[in-house]
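J.: File target18.txt follows (compact mmCIF, C-alpha atoms):
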```txt
# COMPACT_ATOMS: atom_id res chain seq x y z
CA MET A 221 0.00 0.00 0.00
CA SER A 222 1.39 3.40 -0.98
CA ALA A 223 1.64 6.21 1.53
CA PRO A 224 -1.75 7.92 1.90
CA GLU A 225 -2.08 11.43 0.54
CA GLY A 226 -5.41 12.30 2.17
CA PRO A 227 -7.80 13.60 3.09
CA PHE A 228 -9.69 10.50 4.23
CA VAL A 229 -13.42 10.07 3.65
CA ILE A 230 -15.82 7.37 4.83
CA GLY A 231 -18.41 5.65 2.66
CA VAL A 232 -21.12 3.58 4.37
CA ASP A 233 -23.32 0.86 2.89
CA SER A 234 -26.23 0.04 5.19
CA SER A 235 -27.92 -2.88 3.44
CA THR A 236 -30.59 -5.40 4.37
CA GLN A 237 -28.12 -7.79 5.96
CA SER A 238 -25.22 -5.66 7.26
CA THR A 239 -23.48 -2.31 7.46
CA LYS A 240 -20.11 -1.84 5.75
CA ALA A 241 -17.78 1.12 6.19
CA LEU A 242 -14.83 2.00 3.96
CA VAL A 243 -12.20 4.63 4.71
CA VAL A 244 -10.96 5.93 1.37
CA ASP A 245 -8.05 8.21 0.51
CA ALA A 246 -9.87 10.93 -1.43
CA ALA A 247 -6.72 11.85 -3.35
CA THR A 248 -6.00 8.37 -4.73
CA GLY A 249 -9.26 6.44 -4.33
CA GLU A 250 -7.43 3.78 -2.34
CA VAL A 251 -9.32 1.95 0.42
CA VAL A 252 -7.21 2.27 3.57
CA ALA A 253 -9.54 0.56 6.08
CA ARG A 254 -12.80 -1.37 6.16
CA GLY A 255 -15.27 -2.76 8.67
CA GLN A 256 -18.55 -4.66 8.65
CA ALA A 257 -21.22 -5.73 11.16
CA PRO A 258 -24.42 -7.74 10.60
CA HIS A 259 -28.11 -6.86 10.98
CA THR A 260 -31.04 -9.03 11.99
CA VAL A 261 -34.13 -9.31 9.79
CA THR A 262 -37.25 -10.80 11.34
CA ALA A 263 -38.78 -13.97 9.95
CA GLY A 264 -42.47 -14.33 9.30
CA PRO A 265 -45.01 -12.68 7.00
CA GLY A 266 -43.12 -9.37 6.94
CA HIS A 267 -39.50 -8.23 6.81
CA GLU A 268 -38.49 -5.86 9.60
CA SER A 269 -35.33 -4.63 11.34
CA ASP A 270 -34.61 -2.48 14.38
CA PRO A 271 -33.06 0.81 13.15
CA GLU A 272 -31.02 1.08 16.34
CA GLU A 273 -29.30 -2.14 15.29
CA TRP A 274 -28.18 -0.36 12.11
CA TRP A 275 -26.67 2.38 14.28
CA ARG A 276 -24.87 -0.12 16.49
CA ALA A 277 -23.61 -1.94 13.39
CA LEU A 278 -22.26 1.35 12.01
CA GLY A 279 -20.39 1.94 15.27
CA LYS A 280 -18.87 -1.54 15.15
CA ALA A 281 -17.87 -1.16 11.50
CA LEU A 282 -16.18 2.17 12.25
CA GLU A 283 -14.34 0.66 15.22
CA GLN A 284 -12.95 -2.03 12.92
CA CYS A 285 -11.63 0.72 10.64
CA GLY A 286 -9.39 1.90 13.48
CA ARG A 287 -7.43 5.13 13.43
CA PRO A 288 -8.11 6.06 9.77
CA ALA A 289 -11.79 6.52 10.65
CA GLN A 290 -10.76 8.98 13.36
CA GLU A 291 -8.96 11.07 10.74
CA ALA A 292 -11.82 11.29 8.22
CA ALA A 293 -12.83 14.72 6.96
CA ALA A 294 -16.21 13.70 5.51
CA VAL A 295 -18.69 10.81 5.57
CA SER A 296 -21.71 9.70 3.56
CA VAL A 297 -24.28 6.94 4.00
CA GLY A 298 -25.79 4.84 1.22
CA GLY A 299 -28.72 2.74 2.40
CA GLN A 300 -31.36 0.24 1.37
CA GLN A 301 -34.25 1.99 -0.34
CA HIS A 302 -37.96 2.22 0.49
CA GLY A 303 -37.77 1.24 4.18
CA LEU A 304 -40.25 2.93 6.53
CA VAL A 305 -38.60 4.23 9.71
CA THR A 306 -41.02 5.76 12.23
CA LEU A 307 -39.55 7.79 15.08
CA GLY A 308 -41.25 9.09 18.21
CA ALA A 309 -40.85 12.52 19.79
CA ASP A 310 -37.77 11.19 21.63
CA GLY A 311 -36.10 10.29 18.33
CA ARG A 312 -36.29 6.56 19.04
CA PRO A 313 -38.03 4.07 16.73
CA VAL A 314 -41.72 3.62 17.43
CA ARG A 315 -41.53 0.10 16.00
CA PRO A 316 -39.12 -1.92 13.83
CA ALA A 317 -38.62 -0.55 10.32
CA LEU A 318 -40.63 -2.08 7.47
CA LEU A 319 -38.03 -3.07 4.87
CA TRP A 320 -38.18 -2.78 1.08
CA ASN A 321 -39.01 -6.48 0.62
CA ASP A 322 -41.96 -6.39 3.03
CA VAL A 323 -44.91 -6.72 0.63
CA ARG A 324 -47.75 -6.84 3.15
CA SER A 325 -48.94 -3.51 1.73
CA ALA A 326 -50.06 -5.03 -1.60
CA ALA A 327 -53.70 -4.15 -0.95
CA GLN A 328 -52.79 -0.57 -0.04
CA SER A 329 -50.70 -0.31 -3.22
CA GLU A 330 -53.63 -1.31 -5.40
CA ARG A 331 -55.97 1.10 -3.62
CA LEU A 332 -53.62 4.09 -3.77
CA ILE A 333 -52.99 3.62 -7.50
CA GLY A 334 -56.73 3.82 -8.14
CA GLN A 335 -57.39 6.69 -5.74
CA LEU A 336 -54.98 9.01 -7.53
CA GLY A 337 -56.35 8.26 -10.99
CA GLY A 338 -54.54 5.15 -12.13
CA PRO A 339 -50.98 4.09 -13.03
CA GLY A 340 -50.61 6.66 -15.80
CA VAL A 341 -51.10 9.54 -13.37
CA TRP A 342 -48.59 8.08 -10.93
CA ALA A 343 -46.02 7.49 -13.66
CA GLU A 344 -46.30 10.99 -15.08
CA ARG A 345 -46.18 12.76 -11.72
CA PHE A 346 -43.81 10.56 -9.75
CA GLY A 347 -41.99 8.61 -12.45
CA SER A 348 -43.09 5.36 -10.79
CA VAL A 349 -46.22 3.38 -10.01
CA PRO A 350 -46.04 2.50 -6.30
CA ALA A 351 -45.44 -1.22 -5.85
CA PRO A 352 -45.84 -2.73 -2.34
CA ALA A 353 -42.11 -2.11 -1.80
CA PHE A 354 -42.62 1.68 -1.90
CA THR A 355 -42.69 3.63 1.35
CA VAL A 356 -46.02 5.30 0.61
CA THR A 357 -47.80 1.94 0.63
CA LYS A 358 -46.08 0.94 3.86
CA TRP A 359 -47.27 4.07 5.66
CA ALA A 360 -50.82 3.37 4.45
CA TRP A 361 -50.50 -0.20 5.74
CA LEU A 362 -49.24 1.03 9.11
CA CYS A 363 -52.12 3.48 9.51
CA GLU A 364 -54.64 0.73 8.84
CA ASN A 365 -53.03 -2.10 10.81
CA GLU A 366 -51.21 -0.29 13.62
CA PRO A 367 -52.95 3.07 14.08
CA GLN A 368 -51.33 3.50 17.50
CA SER A 369 -47.87 3.33 15.93
CA ALA A 370 -48.80 5.86 13.27
CA ALA A 371 -50.25 8.20 15.89
CA ALA A 372 -47.06 8.00 17.96
CA THR A 373 -44.85 8.88 14.98
CA ALA A 374 -43.20 12.30 15.16
CA SER A 375 -40.96 11.89 12.12
CA VAL A 376 -40.74 9.54 9.13
CA ARG A 377 -37.39 8.59 7.66
CA LEU A 378 -35.78 6.25 5.15
CA PRO A 379 -32.98 3.96 6.39
CA HIS A 380 -30.14 6.16 5.14
CA ASP A 381 -31.93 9.27 6.49
CA TYR A 382 -32.05 7.69 9.93
CA LEU A 383 -28.30 7.09 10.07
CA THR A 384 -27.48 10.51 8.62
CA GLU A 385 -29.68 12.13 11.26
CA ARG A 386 -27.96 10.17 14.02
CA LEU A 387 -24.68 11.63 12.76
CA THR A 388 -25.80 15.26 12.35
CA GLY A 389 -28.93 15.75 14.44
CA GLN A 390 -30.66 17.14 11.32
CA GLY A 391 -33.54 15.54 9.43
CA THR A 392 -32.47 15.41 5.77
CA THR A 393 -32.68 13.19 2.71
CA ASP A 394 -31.68 13.37 -0.97
CA ARG A 395 -33.64 13.35 -4.23
CA GLY A 396 -32.40 9.86 -5.17
CA ASP A 397 -33.71 8.01 -2.13
CA ALA A 398 -36.75 10.32 -1.85
CA SER A 399 -37.78 9.34 -5.38
CA GLY A 400 -38.46 5.81 -4.12
CA THR A 401 -40.99 6.83 -1.49
CA GLY A 402 -44.03 7.52 -3.66
CA TRP A 403 -44.58 10.91 -2.03
CA TRP A 404 -41.72 12.86 -3.67
CA ALA A 405 -42.69 13.81 -7.21
CA GLY A 406 -39.99 13.83 -9.86
CA ALA A 407 -42.09 16.14 -12.04
CA SER A 408 -42.03 18.93 -9.43
CA GLY A 409 -38.94 17.98 -7.44
CA ALA A 410 -40.93 18.28 -4.20
CA TYR A 411 -43.16 16.37 -1.81
CA ASP A 412 -46.64 15.91 -3.27
CA GLU A 413 -49.27 17.42 -0.98
CA GLU A 414 -52.17 15.53 -2.58
CA VAL A 415 -50.60 12.15 -1.90
CA LEU A 416 -49.60 13.13 1.63
CA GLU A 417 -53.18 14.17 2.34
CA LEU A 418 -54.45 10.94 0.79
CA ILE A 419 -52.41 8.82 3.22
CA GLY A 420 -52.75 11.11 6.23
CA LEU A 421 -49.06 12.02 6.49
CA GLU A 422 -48.22 15.53 7.68
CA PRO A 423 -45.47 17.22 5.61
CA HIS A 424 -43.61 18.38 8.72
CA LEU A 425 -42.91 14.74 9.62
CA LEU A 426 -40.67 14.38 6.56
CA PRO A 427 -36.99 15.34 6.18
CA ARG A 428 -35.71 18.25 4.12
CA VAL A 429 -34.65 17.19 0.60
CA LEU A 430 -31.10 18.34 -0.11
CA ALA A 431 -29.82 19.31 -3.55
CA PRO A 432 -27.03 17.24 -5.16
CA GLY A 433 -23.74 18.22 -3.56
CA GLU A 434 -25.36 19.89 -0.54
CA ALA A 435 -24.08 18.87 2.90
CA ALA A 436 -26.45 17.44 5.50
CA GLY A 437 -24.40 18.94 8.33
CA THR A 438 -21.43 17.99 10.44
CA VAL A 439 -20.73 15.12 12.82
CA ARG A 440 -21.95 15.78 16.33
CA ALA A 441 -19.55 15.56 19.25
CA GLY A 442 -19.33 12.28 21.16
CA LEU A 443 -19.58 9.95 18.15
CA PRO A 444 -16.93 7.50 16.85
CA LEU A 445 -15.95 10.02 14.17
CA PRO A 446 -14.13 13.35 14.19
CA ALA A 447 -16.46 16.06 15.51
CA ALA A 448 -17.35 18.63 12.82
CA ALA A 449 -16.45 16.28 9.94
CA LEU A 450 -18.72 17.02 6.98
CA VAL A 451 -21.69 14.71 6.37
CA ALA A 452 -23.02 14.40 2.82
CA ALA A 453 -26.69 13.99 1.98
CA GLY A 454 -26.26 10.25 1.40
CA THR A 455 -28.54 8.40 -0.99
CA GLY A 456 -30.18 5.08 -1.81
CA ASP A 457 -28.05 2.03 -2.41
CA ASN A 458 -28.69 1.84 -6.15
CA MET A 459 -27.87 5.53 -6.62
CA ALA A 460 -24.68 5.10 -4.58
CA ALA A 461 -23.65 2.06 -6.63
CA ALA A 462 -24.10 4.11 -9.82
CA LEU A 463 -21.70 6.68 -8.35
CA GLY A 464 -19.27 3.93 -7.37
CA LEU A 465 -19.31 2.59 -10.93
CA GLY A 466 -18.87 6.02 -12.47
CA LEU A 467 -21.82 4.98 -14.62
CA ARG A 468 -22.21 6.70 -17.98
CA PRO A 469 -25.64 7.21 -19.58
CA GLY A 470 -27.02 4.14 -21.31
CA GLN A 471 -24.61 1.63 -19.72
CA PRO A 472 -26.72 -1.30 -18.43
CA VAL A 473 -26.19 -2.74 -14.95
CA LEU A 474 -27.50 -5.99 -13.45
CA SER A 475 -27.20 -6.14 -9.69
CA LEU A 476 -27.42 -9.74 -8.45
CA GLY A 477 -28.15 -9.56 -4.74
CA THR A 478 -30.90 -10.64 -2.37
CA SER A 479 -33.06 -8.79 -4.84
CA GLY A 480 -32.16 -8.31 -8.48
CA THR A 481 -32.07 -4.85 -10.02
CA VAL A 482 -31.38 -3.53 -13.50
CA TYR A 483 -30.76 0.11 -14.23
CA ALA A 484 -28.98 2.72 -16.35
CA VAL A 485 -28.36 6.45 -15.97
CA SER A 486 -30.57 8.60 -18.21
CA ALA A 487 -30.78 12.31 -18.95
CA GLY A 488 -34.56 12.02 -19.47
CA ARG A 489 -37.12 11.45 -16.72
CA PRO A 490 -38.83 8.05 -17.16
CA ALA A 491 -42.58 7.60 -16.84
CA ASP A 492 -43.57 3.93 -17.25
CA ALA A 493 -47.32 3.49 -16.76
CA THR A 494 -46.93 -0.31 -16.62
CA GLY A 495 -45.09 0.07 -13.31
CA THR A 496 -42.20 -2.13 -14.40
CA VAL A 497 -39.65 0.69 -14.56
CA ALA A 498 -39.27 2.91 -11.52
CA GLY A 499 -38.32 6.43 -12.60
CA PHE A 500 -35.89 7.15 -9.79
CA ALA A 501 -33.74 10.24 -9.56
CA ASP A 502 -30.02 9.70 -9.23
CA ALA A 503 -27.64 11.39 -6.79
CA ARG A 504 -26.15 13.81 -9.32
CA GLY A 505 -29.13 15.49 -10.98
CA ASP A 506 -29.99 12.98 -13.71
CA TRP A 507 -32.32 9.97 -13.56
CA LEU A 508 -31.89 6.28 -12.81
CA PRO A 509 -34.66 4.22 -14.43
CA LEU A 510 -34.65 0.92 -12.58
CA ALA A 511 -36.55 -2.34 -12.42
CA CYS A 512 -36.37 -4.65 -9.42
CA THR A 513 -37.14 -8.31 -8.84
CA LEU A 514 -37.63 -9.55 -5.30
CA ASN A 515 -36.33 -13.03 -6.05
CA CYS A 516 -32.69 -13.26 -7.04
CA THR A 517 -29.77 -14.89 -5.20
CA LEU A 518 -31.79 -15.63 -2.06
CA ALA A 519 -34.42 -17.54 -4.03
CA VAL A 520 -31.90 -19.51 -6.09
CA ASP A 521 -29.91 -20.37 -2.97
CA ARG A 522 -33.12 -21.59 -1.35
CA VAL A 523 -33.77 -23.92 -4.30
CA ALA A 524 -30.20 -25.21 -4.04
CA ALA A 525 -30.72 -25.89 -0.32
CA LEU A 526 -33.99 -27.74 -0.96
CA LEU A 527 -32.14 -29.94 -3.46
CA SER A 528 -29.12 -30.35 -1.12
CA LEU A 529 -26.86 -28.97 -3.85
CA ASP A 530 -24.03 -26.51 -3.92
CA ARG A 531 -25.22 -23.34 -5.69
CA GLU A 532 -22.80 -24.00 -8.55
CA ALA A 533 -23.96 -27.60 -9.15
CA VAL A 534 -26.04 -26.79 -12.23
CA GLU A 535 -26.61 -29.10 -15.19
CA GLY A 536 -27.79 -28.23 -18.68
CA GLY A 537 -30.57 -29.86 -20.65
CA GLY A 538 -33.99 -31.04 -19.60
CA GLU A 539 -37.42 -29.43 -19.86
CA ALA A 540 -37.83 -28.07 -16.34
CA VAL A 541 -39.10 -24.48 -15.99
CA LEU A 542 -38.97 -22.80 -12.61
CA LEU A 543 -40.39 -19.40 -11.66
CA PRO A 544 -38.61 -18.66 -8.36
CA PHE A 545 -41.21 -16.23 -7.02
CA LEU A 546 -40.77 -17.41 -3.43
CA ASP A 547 -41.63 -14.05 -1.81
CA GLY A 548 -44.19 -12.79 -4.27
CA GLU A 549 -42.72 -10.71 -7.08
CA ARG A 550 -42.31 -7.06 -8.03
CA THR A 551 -41.36 -7.50 -11.72
CA PRO A 552 -43.78 -8.70 -12.91
CA ASN A 553 -46.06 -7.22 -10.24
CA LEU A 554 -47.31 -10.42 -8.58
CA PRO A 555 -47.17 -9.77 -4.82
CA TYR A 556 -49.27 -12.85 -4.04
CA ALA A 557 -47.26 -15.22 -6.25
CA SER A 558 -45.41 -18.32 -5.11
CA GLY A 559 -42.77 -20.43 -6.81
CA LEU A 560 -43.85 -22.62 -9.72
CA LEU A 561 -42.05 -25.68 -11.15
CA SER A 562 -43.18 -27.43 -14.31
CA GLY A 563 -41.79 -29.70 -17.03
CA LEU A 564 -40.53 -32.46 -14.71
CA ARG A 565 -39.68 -35.83 -16.27
CA HIS A 566 -38.34 -39.10 -14.87
CA GLU A 567 -34.95 -38.22 -16.31
CA THR A 568 -34.89 -34.66 -14.86
CA THR A 569 -31.89 -34.18 -12.58
CA ALA A 570 -31.57 -32.00 -9.50
CA GLY A 571 -28.87 -29.98 -11.28
CA GLN A 572 -31.27 -29.24 -14.15
CA VAL A 573 -33.90 -28.00 -11.70
CA LEU A 574 -31.30 -25.72 -10.12
CA GLN A 575 -30.31 -24.38 -13.55
CA ALA A 576 -34.00 -23.74 -14.20
CA ALA A 577 -34.08 -21.58 -11.05
CA TYR A 578 -31.17 -19.51 -12.41
CA ASP A 579 -32.87 -19.26 -15.79
CA GLY A 580 -36.13 -18.06 -14.25
CA ALA A 581 -34.45 -15.38 -12.17
CA VAL A 582 -32.22 -14.14 -15.01
CA PHE A 583 -35.02 -14.17 -17.58
CA ALA A 584 -37.12 -11.89 -15.35
CA LEU A 585 -34.17 -9.50 -14.97
CA LEU A 586 -33.35 -9.39 -18.68
CA ARG A 587 -36.96 -8.80 -19.63
CA ALA A 588 -37.07 -5.88 -17.20
CA LEU A 589 -33.76 -4.56 -18.54
CA GLY A 590 -35.23 -4.37 -22.03
CA GLN A 591 -37.92 -2.02 -20.74
CA VAL A 592 -35.39 0.07 -18.83
CA LEU A 593 -33.25 0.58 -21.94
CA ASP A 594 -36.19 1.15 -24.28
CA GLY A 595 -37.12 4.29 -22.36
CA GLN A 596 -40.57 4.96 -21.00
CA GLY A 597 -40.71 8.76 -21.05
CA PRO A 598 -42.07 11.02 -23.81
CA GLU A 599 -38.70 11.02 -25.59
CA GLY A 600 -38.80 7.24 -26.09
CA ARG A 601 -35.63 5.18 -26.44
CA PRO A 602 -32.60 7.22 -25.28
CA GLU A 603 -29.99 7.86 -27.97
CA GLU A 604 -27.16 6.92 -25.60
CA VAL A 605 -28.25 3.25 -25.33
CA ASP A 606 -25.71 0.86 -26.89
CA ASP A 607 -27.28 -2.54 -27.60
CA ASP A 608 -23.84 -4.14 -27.92
CA ALA A 609 -22.39 -2.77 -24.70
CA PRO A 610 -21.34 -5.37 -22.14
CA LEU A 611 -23.65 -5.94 -19.19
CA LEU A 612 -22.07 -4.85 -15.93
CA LEU A 613 -22.73 -7.50 -13.27
CA ILE A 614 -22.48 -6.41 -9.65
CA GLY A 615 -23.62 -7.78 -6.29
CA GLY A 616 -22.85 -11.07 -4.59
CA GLY A 617 -24.19 -13.15 -7.46
CA ALA A 618 -21.67 -11.64 -9.87
CA LYS A 619 -18.99 -13.74 -8.15
CA GLY A 620 -20.73 -16.98 -9.14
CA THR A 621 -19.88 -18.78 -12.35
CA ALA A 622 -23.44 -20.09 -12.73
CA TRP A 623 -24.89 -16.57 -12.53
CA ARG A 624 -22.39 -15.12 -15.01
CA GLU A 625 -22.82 -17.94 -17.53
CA THR A 626 -26.62 -17.84 -17.28
CA VAL A 627 -26.66 -14.09 -17.95
CA ARG A 628 -24.25 -14.47 -20.87
CA ARG A 629 -26.23 -17.35 -22.41
CA LEU A 630 -29.69 -15.80 -22.07
CA SER A 631 -28.69 -12.23 -23.00
CA GLY A 632 -26.34 -13.06 -25.88
CA ARG A 633 -24.14 -10.20 -24.69
CA PRO A 634 -20.68 -10.07 -23.09
CA VAL A 635 -20.60 -9.50 -19.36
CA GLN A 636 -18.13 -7.59 -17.22
CA VAL A 637 -17.64 -7.83 -13.46
CA PRO A 638 -16.05 -4.68 -12.01
CA ARG A 639 -12.98 -5.32 -9.90
CA ALA A 640 -14.33 -3.20 -7.06
CA GLU A 641 -16.88 -5.08 -4.96
CA GLU A 642 -18.16 -2.61 -2.36
CA LEU A 643 -19.72 -0.24 -4.88
CA VAL A 644 -22.37 1.28 -2.62
CA ALA A 645 -19.80 2.23 0.01
CA LEU A 646 -17.41 3.48 -2.69
CA GLY A 647 -20.15 5.61 -4.21
CA ALA A 648 -20.97 7.05 -0.80
CA ALA A 649 -17.27 7.79 -0.32
CA ALA A 650 -17.24 9.62 -3.66
CA GLN A 651 -20.20 11.68 -2.50
CA ALA A 652 -18.34 12.55 0.71
CA ALA A 653 -15.20 13.46 -1.24
CA ALA A 654 -17.22 15.80 -3.46
CA LEU A 655 -18.03 17.91 -0.40
CA LEU A 656 -14.33 18.51 0.16
CA LEU A 657 -13.79 19.43 -3.49
CA GLU A 658 -16.55 22.03 -3.22
CA GLU A 659 -14.88 23.81 -0.33
```
Starting from the coordinates I provided, produce the structure as structure tokens.
T.:
Amino acid sequence: MSAPEGPFVIGVDSSTQSTKALVVDAATGEVVARGQAPHTVTAGPGHESDPEEWWRALGKALEQCGRPAQEAAAVSVGGQQHGLVTLGADGRPVRPALLWNDVRSAAQSERLIGQLGGPGVWAERFGSVPAPAFTVTKWAWLCENEPQSAAATASVRLPHDYLTERLTGQGTTDRGDASGTGWWAGASGAYDEEVLELIGLEPHLLPRVLAPGEAAGTVRAGLPLPAAALVAAGTGDNMAAALGLGLRPGQPVLSLGTSGTVYAVSAGRPADATGTVAGFADARGDWLPLACTLNCTLAVDRVAALLSLDREAVEGGGEAVLLPFLDGERTPNLPYASGLLSGLRHETTAGQVLQAAYDGAVFALLRALGQVLDGQGPEGRPEEVDDDAPLLLIGGGAKGTAWRETVRRLSGRPVQVPRAEELVALGAAAQAAALLLEE
């Protein structure tokens, strides 16, 4: 490792399963220290986590980074999107956070789409049609199923907002993560009062939306970071990963994680009335049209476990077809779906069934990617799209040979796996470094 030039910045990735922290030399881009601590996600009909566990995990990750973390000049948090964090007047969580993959709000999603005039209205105003993953549907679910929790809520935050506020004491968010709530409208760049009234959410409960490059504040005294270090706005995990990749417009990305996502940076604001493509904002002032599947590596690993196979023990051939919709599905929008296996024969092998699980997951992602790249706004297909460009594979699944080969075979395109692995944390670090460059 070469001698650091400094200054140091910290990028944080607070995901579904863990929090990672990287200390990065802003002058060279070199990672000088790293730490990680796990989270707990509840089992059962929903998916929930205690936000205070995220905060404790961040502290542990920073401790593992050692002295470099104590010398950081700026920090930024990238976090899992869509989660509903409800805080009481004392700033503590009223209840565990409802996570992005908690789809109990399917009924509320369907009702809200109709109440505002249908999917076309939502797409045009917000850029997205609110699937059960979206925060707006989760708040509606909470009001109907736990009215006492909703009544006790003094502020509503997203996961990355919560950690940023613990660092600064200020309630802020960014346009990227806010665009996944269903109550921040891309068309106006502001919270939508009609939707907030529809779901009974007071505007003063929401954080201030910062502009790209605007600081959220400084680190409060008494935390495991230098007091007065700058804190960036932070953003959602997909927006942070796009920063970490240095993504250029039109370059397609497949993220193979617990969920599967496909996206590309675009200069035009998407508006897909089918609801497949979410018209998110990015962290820099452009847009990040994205489609998400709930069932990706977690579902395929579950099939491998049921078959008592290693996840790489796939076999070609056979007629088996497997739709691995084990937790419902977001793309296509089938929140009540379950897994479906067909085409079994006497000669079908366990390895062929496992390959069918990969095929089902990858096919859903590639079909969604086609819609992302075709463009769903009034301008149609973006000029910057290159149909021959390699697919960038990121996430834990990108390390697996079976995932890479399945994507290559079904897409007919070359694939590239970036050398850097912790893209969300690296993107957050880049956001933190930008604050220092602006000084």
J.: Mind listing as a ChimeraX atom specification all residues within 7 Å of (-25.6, 5.4, -2.2), counting all atoms listed in the file?
T.: /A:297-299,454-461,644-645,647-648
J.: Dump C-alpha atoms for the selected residues as a short mmCIF file (atom, residue, chain, number, x, y, z; two decimals), in the frame of the given file?
T.:
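Result saved to selection-v7.cif:
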```
data_model
loop_
_atom_site.label_atom_id
_atom_site.label_comp_id
_atom_site.auth_asym_id
_atom_site.auth_seq_id
_atom_site.Cartn_x
_atom_site.Cartn_y
_atom_site.Cartn_z
CA VAL A 297 -24.28 6.94 4.00
CA GLY A 298 -25.79 4.84 1.22
CA GLY A 299 -28.72 2.74 2.40
CA GLY A 454 -26.26 10.25 1.40
CA THR A 455 -28.54 8.40 -0.99
CA GLY A 456 -30.18 5.08 -1.81
CA ASP A 457 -28.05 2.03 -2.41
CA ASN A 458 -28.69 1.84 -6.15
CA MET A 459 -27.87 5.53 -6.62
CA ALA A 460 -24.68 5.10 -4.58
CA ALA A 461 -23.65 2.06 -6.63
CA VAL A 644 -22.37 1.28 -2.62
CA ALA A 645 -19.80 2.23 0.01
CA GLY A 647 -20.15 5.61 -4.21
CA ALA A 648 -20.97 7.05 -0.80
#
```
J.: Looking at all atoms listed in the file, which of A:Asp547, A:Leu542, A:Thr373, A:Thr239 is the one that sits closest to Leu564 in chain A?
T.: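 Closest to Leu564 in chain A, using all atoms listed in the file: A:Leu542.
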J.: To one decimal place in Å, what is the distance between CA of Arg550 in chain A and CA of Glu535 in chain A?
T.: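 Separation of CA of Arg550 in chain A and CA of Glu535 in chain A: 28.0 Å.
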J.: When you count only C-alpha atoms, which of these residues is closest to Arg386 in chain A: A:Ala576, A:Val356, A:Val520, A:Val451?
T.: A:Val451
J.: Leaving out Val376 in chain A and any residue of its chain fewer than 4 positions from it, which residues lie within 12 Å of it when counting all atoms listed in the file, given as a PyMOL selection string?
T.: chain A and resi 302-309+311-315+317-318+355-356+358-359+369-372+380-382+385+391-393+398+401+403+421-428
J.: Counting only C-alpha atoms, what is within 12 Å of Leu657 in chain A, bar same-chain residues fewer than 5 positions away, as a list in words?
T.: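 What passes the distance filter is Pro227, Val229, Ala246, Ala247, Ala293, Ala294, Gly433, Glu434, Leu450, Ala650, Gln651 and Ala652 of chain A.
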J.: Please determine, counting only C-alpha atoms, which residue among A:Gly620, A:Pro472, A:Gly389, A:Gly420 has the shortest atom-to-atom distance to Gly437 in chain A.
T.: A:Gly389
J.: Between A:Gln301, A:Gln256, A:Gln390, A:Thr478, which one has atoms that come closest to Ser238 in chain A, using all atoms listed in the file?
T.: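 Answer, going by the shortest atom-to-atom distance: A:Gln256.
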J.: Taking into account all atoms listed in the file, which residue in the set A:Ser399, A:Asn365, A:Gln290, A:Ser348 is nearest to Ala448 in chain A?
T.: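 Looking at the shortest contact to Ala448 in chain A, the residue is A:Gln290.
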J.: Which polymer residues, protein or nucleic acid, are no farther than 8 Å from (-28.9, -23.8, -11.5), counting only C-alpha atoms, as a short mmCIF file (atom, residue, chain, number, x, y, z; two decimals) with C-alpha atoms, in the coordinates of the input?
T.:
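Generated output (out-v7.cif):
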```cif
data_model
loop_
_atom_site.label_atom_id
_atom_site.label_comp_id
_atom_site.auth_asym_id
_atom_site.auth_seq_id
_atom_site.Cartn_x
_atom_site.Cartn_y
_atom_site.Cartn_z
CA VAL A 520 -31.90 -19.51 -6.09
CA ALA A 524 -30.20 -25.21 -4.04
CA ARG A 531 -25.22 -23.34 -5.69
CA GLU A 532 -22.80 -24.00 -8.55
CA ALA A 533 -23.96 -27.60 -9.15
CA VAL A 534 -26.04 -26.79 -12.23
CA GLU A 535 -26.61 -29.10 -15.19
CA GLY A 571 -28.87 -29.98 -11.28
CA GLN A 572 -31.27 -29.24 -14.15
CA VAL A 573 -33.90 -28.00 -11.70
CA LEU A 574 -31.30 -25.72 -10.12
CA GLN A 575 -30.31 -24.38 -13.55
CA ALA A 576 -34.00 -23.74 -14.20
CA ALA A 577 -34.08 -21.58 -11.05
CA TYR A 578 -31.17 -19.51 -12.41
CA ASP A 579 -32.87 -19.26 -15.79
CA ALA A 622 -23.44 -20.09 -12.73
#
```
J.: List as a count of residues only the protein and nucleic acid residues near Leu443 in chain A, meaning an atom at most 10 Å away when only C-alpha atoms are counted, but skip any in the same chain fewer than 4 places from it.
T.: 5
J.: Would you give me, as JSON lines, each residue of range 276-361 of chain A having an atom within 8 Å of an atom of range 250-253 of chain A, along with its shortest atom pair and that distance in Å to one decimal, using all atoms listed in the file and sorting by chain and residue number?
T.:
```
{"residue": "A:Cys285", "atom": "CA", "partner": "A:Ala253", "partner_atom": "CA", "distance": 5.0}
{"residue": "A:Gly286", "atom": "CA", "partner": "A:Ala253", "partner_atom": "CA", "distance": 7.5}
{"residue": "A:Pro288", "atom": "CA", "partner": "A:Ala253", "partner_atom": "CA", "distance": 6.8}
{"residue": "A:Ala289", "atom": "CA", "partner": "A:Ala253", "partner_atom": "CA", "distance": 7.8}
```
